[in-house]
Each structure stands twice: as C-alpha cells, then as structure tokens.
Amino acid sequence: MSASSPDGLRVARAAGVARGKRLSFVFDGVPVLAYEGESVAAALLAAGQRVLRTTPVTNAPRGVFCGMGVCYDCLVAIDGELSRRACVTLVTEGMQVQTQLGFGATP
Ligand code: FES
C-alpha cells in the first residue's frame, strides 16, 4: 500500500468537493486512512492496495473488477466474517479487514 500522501491515490480536492469525516480501519494488520462514505474497496484502492483475495484453485490474485457488487472478485473478511464484498461495504472506524485466501482462509 502507498502511504506517501494522506489522501493516497484519491483525486485532488477541488472547490466544492467535500469528503466525509476522516477515520481509519485495519487491512491485514496495517492501518488505512478512509473517509466516511467510502467503500472498503475505494479506501483500499486509494491506499494502493490492488489484491483483495486469491482464487480457491490456483491462488490467482483478484481485486476490484466491477466495483458495483456483481462480480464477487473483491471478497474480503471483515470483522471475522468471510466473503464480504469490499465494493459495497462502507468503511467504519476500526473495522478489521483481511485478504481472503481461497474459500475462506485469511493470512
Ligand atoms: S468488485 Fe465486483 S462485486 Fe465487488
């Protein structure tokens, strides 16, 4: 993940554009900056994280593909619950997110 800028890879703030309250959550043990109203996927992409899970048979990396809850390529474990779609789950303060390996193991 990239932590070179507090806003990571988000688009630059412009006049009239506001973000929600700043918060943080944890991804695979690393704190990640997010803003209220962002999905887990959006916050992770902004932090430079591309791989969210691996496939069950070949362990191929997968990440955000459709970004709208249809393809299930963004499955992660959230607060111990497996197979949550990162693209349709909003971040909350302190949530624990983990890469999902295959059908359900985490690192
Ligand atoms: S990216 Fe397709 S369901 Fe999340």
# chains A, B, ... in the order shown; residues from 1 in each chain; ligands from 1
>>> residues_near_ligand(ligand="ligand 1", cutoff="6 Å", atoms="only C-alpha atoms and all ligand atoms", output="CSV table (one decimal) with C-alpha atoms, in the first residue's frame")
chain,number,residue,atom,x,y,z
A,64,VAL,CA,-11.9,-4.8,-7.7
A,65,PHE,CA,-13.4,-5.6,-11.1
A,66,CYS,CA,-17.0,-4.4,-11.5
A,67,GLY,CA,-17.0,-2.1,-8.5
A,68,MET,CA,-20.7,-2.4,-8.1
A,69,GLY,CA,-21.4,-5.7,-6.3
A,70,VAL,CA,-21.9,-8.0,-9.2
A,71,CYS,CA,-18.7,-10.0,-9.9
A,72,TYR,CA,-17.6,-11.0,-6.3
A,73,ASP,CA,-13.9,-10.5,-7.2
A,74,CYS,CA,-13.5,-8.2,-4.2
A,85,ARG,CA,-17.9,-7.6,-0.9
A,86,ALA,CA,-15.5,-4.7,-0.4
A,87,CYS,CA,-17.1,-2.6,-3.1
>>> residues_around(residues="A:Leu33", least_positions_apart="3", cutoff="12 Å", atoms="only C-alpha atoms", output="ChimeraX atom specification")
/A:1-10,20-27,30,36,38-40,42-48,91-95
>>> residues_around(residues="A:Pro56", least_positions_apart="2", cutoff="9 Å", atoms="only C-alpha atoms", output="mmCIF file with C-alpha atoms, in the first residue's frame")
data_model
loop_
_atom_site.group_PDB
_atom_site.id
_atom_site.type_symbol
_atom_site.label_atom_id
_atom_site.label_comp_id
_atom_site.auth_asym_id
_atom_site.auth_seq_id
_atom_site.Cartn_x
_atom_site.Cartn_y
_atom_site.Cartn_z
ATOM 1 C CA THR A 54 -6.992 -15.170 -4.101
ATOM 2 C CA THR A 58 -4.940 -21.592 -8.465
ATOM 3 C CA ASN A 59 -4.405 -18.899 -5.815
ATOM 4 C CA ALA A 60 -4.594 -16.257 -8.539
ATOM 5 C CA LEU A 101 -7.494 -16.724 0.589
ATOM 6 C CA GLY A 102 -9.495 -19.179 -1.492
ATOM 7 C CA PHE A 103 -12.870 -20.022 0.005
ATOM 8 C CA GLY A 104 -12.165 -18.552 3.346
#
>>> select_by_dssp(residues="chain A", states="strand (DSSP E)", output="PyMOL selection string")
chain A and resi 22-27+30-35+53-54+61-62+75-78+81-85+96-101
>>> write_last_selection(atoms="N, CA and C atoms", output="PDB file, in the first residue's frame")
ATOM      1  N   ARG A  22     -12.873  11.943   8.569  1.00  0.00           N
ATOM      2  CA  ARG A  22     -11.708  11.077   8.441  1.00  0.00           C
ATOM      3  C   ARG A  22     -11.780   9.961   9.490  1.00  0.00           C
ATOM      4  N   LEU A  23     -11.458   8.747   9.073  1.00  0.00           N
ATOM      5  CA  LEU A  23     -11.438   7.625  10.005  1.00  0.00           C
ATOM      6  C   LEU A  23     -10.362   6.638   9.559  1.00  0.00           C
ATOM      7  N   SER A  24     -10.183   5.599  10.323  1.00  0.00           N
ATOM      8  CA  SER A  24      -9.210   4.590   9.896  1.00  0.00           C
ATOM      9  C   SER A  24      -9.724   3.198  10.214  1.00  0.00           C
ATOM     10  N   PHE A  25      -9.242   2.253   9.437  1.00  0.00           N
ATOM     11  CA  PHE A  25      -9.544   0.842   9.674  1.00  0.00           C
ATOM     12  C   PHE A  25      -8.251   0.077   9.457  1.00  0.00           C
ATOM     13  N   VAL A  26      -8.295  -1.220   9.634  1.00  0.00           N
ATOM     14  CA  VAL A  26      -7.076  -2.025   9.547  1.00  0.00           C
ATOM     15  C   VAL A  26      -7.222  -3.043   8.425  1.00  0.00           C
ATOM     16  N   PHE A  27      -6.225  -3.110   7.551  1.00  0.00           N
ATOM     17  CA  PHE A  27      -6.209  -4.114   6.488  1.00  0.00           C
ATOM     18  C   PHE A  27      -4.970  -4.976   6.654  1.00  0.00           C
ATOM     19  N   VAL A  30      -2.452  -3.520   8.949  1.00  0.00           N
ATOM     20  CA  VAL A  30      -1.895  -2.196   8.660  1.00  0.00           C
ATOM     21  C   VAL A  30      -3.013  -1.149   8.708  1.00  0.00           C
ATOM     22  N   PRO A  31      -2.838  -0.059   9.457  1.00  0.00           N
ATOM     23  CA  PRO A  31      -3.864   0.987   9.486  1.00  0.00           C
ATOM     24  C   PRO A  31      -4.024   1.651   8.119  1.00  0.00           C
ATOM     25  N   VAL A  32      -5.264   1.911   7.747  1.00  0.00           N
ATOM     26  CA  VAL A  32      -5.564   2.533   6.454  1.00  0.00           C
ATOM     27  C   VAL A  32      -6.470   3.743   6.686  1.00  0.00           C
ATOM     28  N   LEU A  33      -6.125   4.865   6.073  1.00  0.00           N
ATOM     29  CA  LEU A  33      -6.943   6.070   6.145  1.00  0.00           C
ATOM     30  C   LEU A  33      -8.165   5.905   5.255  1.00  0.00           C
ATOM     31  N   ALA A  34      -9.294   6.387   5.728  1.00  0.00           N
ATOM     32  CA  ALA A  34     -10.508   6.376   4.909  1.00  0.00           C
ATOM     33  C   ALA A  34     -11.345   7.585   5.276  1.00  0.00           C
ATOM     34  N   TYR A  35     -12.374   7.802   4.499  1.00  0.00           N
ATOM     35  CA  TYR A  35     -13.323   8.872   4.777  1.00  0.00           C
ATOM     36  C   TYR A  35     -14.716   8.275   4.847  1.00  0.00           C
ATOM     37  N   ARG A  53      -8.225 -10.685  -2.685  1.00  0.00           N
ATOM     38  CA  ARG A  53      -8.440 -12.107  -2.406  1.00  0.00           C
ATOM     39  C   ARG A  53      -7.616 -12.923  -3.377  1.00  0.00           C
ATOM     40  N   THR A  54      -7.577 -14.243  -3.136  1.00  0.00           N
ATOM     41  CA  THR A  54      -6.992 -15.170  -4.101  1.00  0.00           C
ATOM     42  C   THR A  54      -8.033 -16.226  -4.427  1.00  0.00           C
ATOM     43  N   PRO A  61      -4.432 -13.905  -7.888  1.00  0.00           N
ATOM     44  CA  PRO A  61      -4.887 -12.695  -7.200  1.00  0.00           C
ATOM     45  C   PRO A  61      -6.106 -12.079  -7.879  1.00  0.00           C
ATOM     46  N   ARG A  62      -7.011 -11.550  -7.073  1.00  0.00           N
ATOM     47  CA  ARG A  62      -8.189 -10.847  -7.581  1.00  0.00           C
ATOM     48  C   ARG A  62      -8.376  -9.569  -6.792  1.00  0.00           C
ATOM     49  N   LEU A  75     -13.968 -10.086  -2.691  1.00  0.00           N
ATOM     50  CA  LEU A  75     -14.305 -10.671  -1.389  1.00  0.00           C
ATOM     51  C   LEU A  75     -13.164 -10.531  -0.390  1.00  0.00           C
ATOM     52  N   VAL A  76     -13.530 -10.107   0.814  1.00  0.00           N
ATOM     53  CA  VAL A  76     -12.578  -9.976   1.915  1.00  0.00           C
ATOM     54  C   VAL A  76     -13.259 -10.471   3.192  1.00  0.00           C
ATOM     55  N   ALA A  77     -12.487 -10.632   4.225  1.00  0.00           N
ATOM     56  CA  ALA A  77     -13.044 -10.922   5.549  1.00  0.00           C
ATOM     57  C   ALA A  77     -13.132  -9.594   6.295  1.00  0.00           C
ATOM     58  N   ILE A  78     -14.294  -9.320   6.872  1.00  0.00           N
ATOM     59  CA  ILE A  78     -14.489  -8.087   7.637  1.00  0.00           C
ATOM     60  C   ILE A  78     -14.961  -8.442   9.026  1.00  0.00           C
ATOM     61  N   GLU A  81     -15.964 -11.975   9.485  1.00  0.00           N
ATOM     62  CA  GLU A  81     -16.979 -12.544   8.593  1.00  0.00           C
ATOM     63  C   GLU A  81     -16.410 -12.649   7.182  1.00  0.00           C
ATOM     64  N   LEU A  82     -16.410 -13.868   6.657  1.00  0.00           N
ATOM     65  CA  LEU A  82     -15.823 -14.126   5.338  1.00  0.00           C
ATOM     66  C   LEU A  82     -16.748 -13.691   4.206  1.00  0.00           C
ATOM     67  N   SER A  83     -16.148 -13.542   3.025  1.00  0.00           N
ATOM     68  CA  SER A  83     -16.874 -13.321   1.769  1.00  0.00           C
ATOM     69  C   SER A  83     -17.745 -12.075   1.774  1.00  0.00           C
ATOM     70  N   ARG A  84     -17.233 -10.989   2.312  1.00  0.00           N
ATOM     71  CA  ARG A  84     -17.918  -9.695   2.234  1.00  0.00           C
ATOM     72  C   ARG A  84     -17.403  -8.962   0.998  1.00  0.00           C
ATOM     73  N   ARG A  85     -18.283  -8.351   0.262  1.00  0.00           N
ATOM     74  CA  ARG A  85     -17.876  -7.605  -0.932  1.00  0.00           C
ATOM     75  C   ARG A  85     -17.363  -6.223  -0.520  1.00  0.00           C
ATOM     76  N   GLN A  96     -11.882  -4.359  11.010  1.00  0.00           N
ATOM     77  CA  GLN A  96     -10.741  -5.218  10.720  1.00  0.00           C
ATOM     78  C   GLN A  96     -11.013  -5.948   9.411  1.00  0.00           C
ATOM     79  N   VAL A  97     -10.212  -5.645   8.398  1.00  0.00           N
ATOM     80  CA  VAL A  97     -10.389  -6.235   7.070  1.00  0.00           C
ATOM     81  C   VAL A  97      -9.176  -7.101   6.765  1.00  0.00           C
ATOM     82  N   GLN A  98      -9.437  -8.269   6.179  1.00  0.00           N
ATOM     83  CA  GLN A  98      -8.337  -9.160   5.828  1.00  0.00           C
ATOM     84  C   GLN A  98      -8.509  -9.683   4.403  1.00  0.00           C
ATOM     85  N   THR A  99      -7.384  -9.900   3.743  1.00  0.00           N
ATOM     86  CA  THR A  99      -7.380 -10.598   2.467  1.00  0.00           C
ATOM     87  C   THR A  99      -8.039 -11.949   2.666  1.00  0.00           C
ATOM     88  N   GLN A 100      -8.842 -12.381   1.680  1.00  0.00           N
ATOM     89  CA  GLN A 100      -9.446 -13.700   1.754  1.00  0.00           C
ATOM     90  C   GLN A 100      -8.702 -14.633   0.829  1.00  0.00           C
ATOM     91  N   LEU A 101      -8.232 -15.731   1.369  1.00  0.00           N
ATOM     92  CA  LEU A 101      -7.494 -16.724   0.589  1.00  0.00           C
ATOM     93  C   LEU A 101      -8.418 -17.868   0.233  1.00  0.00           C
TER      94      LEU A 101
END
>>> select_by_dssp(residues="chain A", states="helix (DSSP H, G or I)", output="mmCIF file with C-alpha atoms, in the first residue's frame")
data_model
loop_
_atom_site.group_PDB
_atom_site.id
_atom_site.type_symbol
_atom_site.label_atom_id
_atom_site.label_comp_id
_atom_site.auth_asym_id
_atom_site.auth_seq_id
_atom_site.Cartn_x
_atom_site.Cartn_y
_atom_site.Cartn_z
ATOM 1 C CA VAL A 40 -13.791 -0.561 1.736
ATOM 2 C CA ALA A 41 -12.694 -1.103 -1.881
ATOM 3 C CA ALA A 42 -12.425 2.637 -2.585
ATOM 4 C CA ALA A 43 -10.327 3.224 0.512
ATOM 5 C CA LEU A 44 -8.044 0.289 -0.297
ATOM 6 C CA LEU A 45 -7.622 1.379 -3.911
ATOM 7 C CA ALA A 46 -6.769 4.880 -2.712
ATOM 8 C CA ALA A 86 -15.479 -4.724 -0.364
ATOM 9 C CA CYS A 87 -17.052 -2.610 -3.101
ATOM 10 C CA VAL A 88 -20.490 -2.450 -1.488
#
>>> atom_distance(atom1="atom CA of A:Ala14", atom2="atom CA of A:Gly37")
17.7 Å
>>> decode(residues="stretch 7-48 of chain A", atoms="N, CA and C atoms", output="short mmCIF file (atom, residue, chain, number, x, y, z; two decimals), in the first residue's frame")
data_model
loop_
_atom_site.label_atom_id
_atom_site.label_comp_id
_atom_site.auth_asym_id
_atom_site.auth_seq_id
_atom_site.Cartn_x
_atom_site.Cartn_y
_atom_site.Cartn_z
N ASP A 7 -3.93 11.45 1.52
CA ASP A 7 -5.09 11.12 0.70
C ASP A 7 -4.80 10.02 -0.30
N GLY A 8 -3.59 9.46 -0.28
CA GLY A 8 -3.26 8.35 -1.15
C GLY A 8 -3.51 8.69 -2.62
N LEU A 9 -4.19 7.80 -3.32
CA LEU A 9 -4.42 7.97 -4.75
C LEU A 9 -5.76 8.61 -5.06
N ARG A 10 -6.40 9.22 -4.07
CA ARG A 10 -7.69 9.89 -4.32
C ARG A 10 -7.47 11.09 -5.22
N VAL A 11 -8.53 11.47 -5.94
CA VAL A 11 -8.45 12.67 -6.77
C VAL A 11 -8.23 13.87 -5.85
N ALA A 12 -7.56 14.87 -6.38
CA ALA A 12 -7.28 16.07 -5.59
C ALA A 12 -8.57 16.77 -5.20
N ARG A 13 -8.54 17.36 -4.04
CA ARG A 13 -9.70 18.12 -3.60
C ARG A 13 -9.85 19.34 -4.50
N ALA A 14 -11.06 19.64 -4.84
CA ALA A 14 -11.34 20.80 -5.68
C ALA A 14 -12.41 21.64 -4.99
N ALA A 15 -12.55 22.83 -5.45
CA ALA A 15 -13.56 23.72 -4.87
C ALA A 15 -14.93 23.05 -4.97
N GLY A 16 -15.65 23.05 -3.89
CA GLY A 16 -16.98 22.48 -3.89
C GLY A 16 -17.03 20.98 -3.65
N VAL A 17 -15.88 20.34 -3.54
CA VAL A 17 -15.85 18.90 -3.27
C VAL A 17 -15.48 18.67 -1.82
N ALA A 18 -16.28 17.92 -1.13
CA ALA A 18 -16.02 17.66 0.28
C ALA A 18 -15.93 16.16 0.52
N ARG A 19 -15.20 15.79 1.56
CA ARG A 19 -15.13 14.39 1.94
C ARG A 19 -15.76 14.23 3.31
N GLY A 20 -16.15 13.00 3.62
CA GLY A 20 -16.73 12.72 4.93
C GLY A 20 -15.67 12.80 6.02
N LYS A 21 -16.10 12.49 7.22
CA LYS A 21 -15.20 12.52 8.37
C LYS A 21 -14.06 11.52 8.17
N ARG A 22 -12.87 11.94 8.57
CA ARG A 22 -11.71 11.08 8.44
C ARG A 22 -11.78 9.96 9.49
N LEU A 23 -11.46 8.75 9.07
CA LEU A 23 -11.44 7.63 10.00
C LEU A 23 -10.36 6.64 9.56
N SER A 24 -10.18 5.60 10.32
CA SER A 24 -9.21 4.59 9.90
C SER A 24 -9.72 3.20 10.21
N PHE A 25 -9.24 2.25 9.44
CA PHE A 25 -9.54 0.84 9.67
C PHE A 25 -8.25 0.08 9.46
N VAL A 26 -8.29 -1.22 9.63
CA VAL A 26 -7.08 -2.03 9.55
C VAL A 26 -7.22 -3.04 8.42
N PHE A 27 -6.22 -3.11 7.55
CA PHE A 27 -6.21 -4.11 6.49
C PHE A 27 -4.97 -4.98 6.65
N ASP A 28 -5.16 -6.26 6.90
CA ASP A 28 -4.06 -7.19 7.12
C ASP A 28 -3.05 -6.63 8.12
N GLY A 29 -3.56 -6.04 9.17
CA GLY A 29 -2.71 -5.56 10.26
C GLY A 29 -2.14 -4.17 10.07
N VAL A 30 -2.45 -3.52 8.95
CA VAL A 30 -1.90 -2.20 8.66
C VAL A 30 -3.01 -1.15 8.71
N PRO A 31 -2.84 -0.06 9.46
CA PRO A 31 -3.86 0.99 9.49
C PRO A 31 -4.02 1.65 8.12
N VAL A 32 -5.26 1.91 7.75
CA VAL A 32 -5.56 2.53 6.45
C VAL A 32 -6.47 3.74 6.69
N LEU A 33 -6.13 4.87 6.07
CA LEU A 33 -6.94 6.07 6.15
C LEU A 33 -8.17 5.90 5.26
N ALA A 34 -9.29 6.39 5.73
CA ALA A 34 -10.51 6.38 4.91
C ALA A 34 -11.35 7.59 5.28
N TYR A 35 -12.37 7.80 4.50
CA TYR A 35 -13.32 8.87 4.78
C TYR A 35 -14.72 8.28 4.85
N GLU A 36 -15.49 8.76 5.79
CA GLU A 36 -16.87 8.30 5.95
C GLU A 36 -17.57 8.39 4.60
N GLY A 37 -18.28 7.36 4.25
CA GLY A 37 -18.99 7.32 2.97
C GLY A 37 -18.25 6.57 1.88
N GLU A 38 -17.00 6.23 2.12
CA GLU A 38 -16.25 5.45 1.14
C GLU A 38 -16.51 3.96 1.35
N SER A 39 -16.44 3.20 0.27
CA SER A 39 -16.49 1.75 0.41
C SER A 39 -15.11 1.26 0.85
N VAL A 40 -15.07 0.05 1.38
CA VAL A 40 -13.79 -0.56 1.74
C VAL A 40 -12.90 -0.63 0.51
N ALA A 41 -13.47 -1.00 -0.63
CA ALA A 41 -12.69 -1.10 -1.88
C ALA A 41 -12.12 0.25 -2.28
N ALA A 42 -12.91 1.31 -2.20
CA ALA A 42 -12.43 2.64 -2.58
C ALA A 42 -11.27 3.06 -1.69
N ALA A 43 -11.40 2.83 -0.40
CA ALA A 43 -10.33 3.22 0.51
C ALA A 43 -9.06 2.42 0.25
N LEU A 44 -9.22 1.12 -0.03
CA LEU A 44 -8.04 0.29 -0.30
C LEU A 44 -7.39 0.65 -1.63
N LEU A 45 -8.19 0.94 -2.63
CA LEU A 45 -7.62 1.38 -3.91
C LEU A 45 -6.86 2.69 -3.73
N ALA A 46 -7.43 3.60 -2.96
CA ALA A 46 -6.77 4.88 -2.71
C ALA A 46 -5.45 4.69 -1.97
N ALA A 47 -5.38 3.62 -1.20
CA ALA A 47 -4.15 3.32 -0.47
C ALA A 47 -3.16 2.52 -1.32
N GLY A 48 -3.55 2.18 -2.55
CA GLY A 48 -2.65 1.47 -3.44
C GLY A 48 -2.77 -0.04 -3.36
#
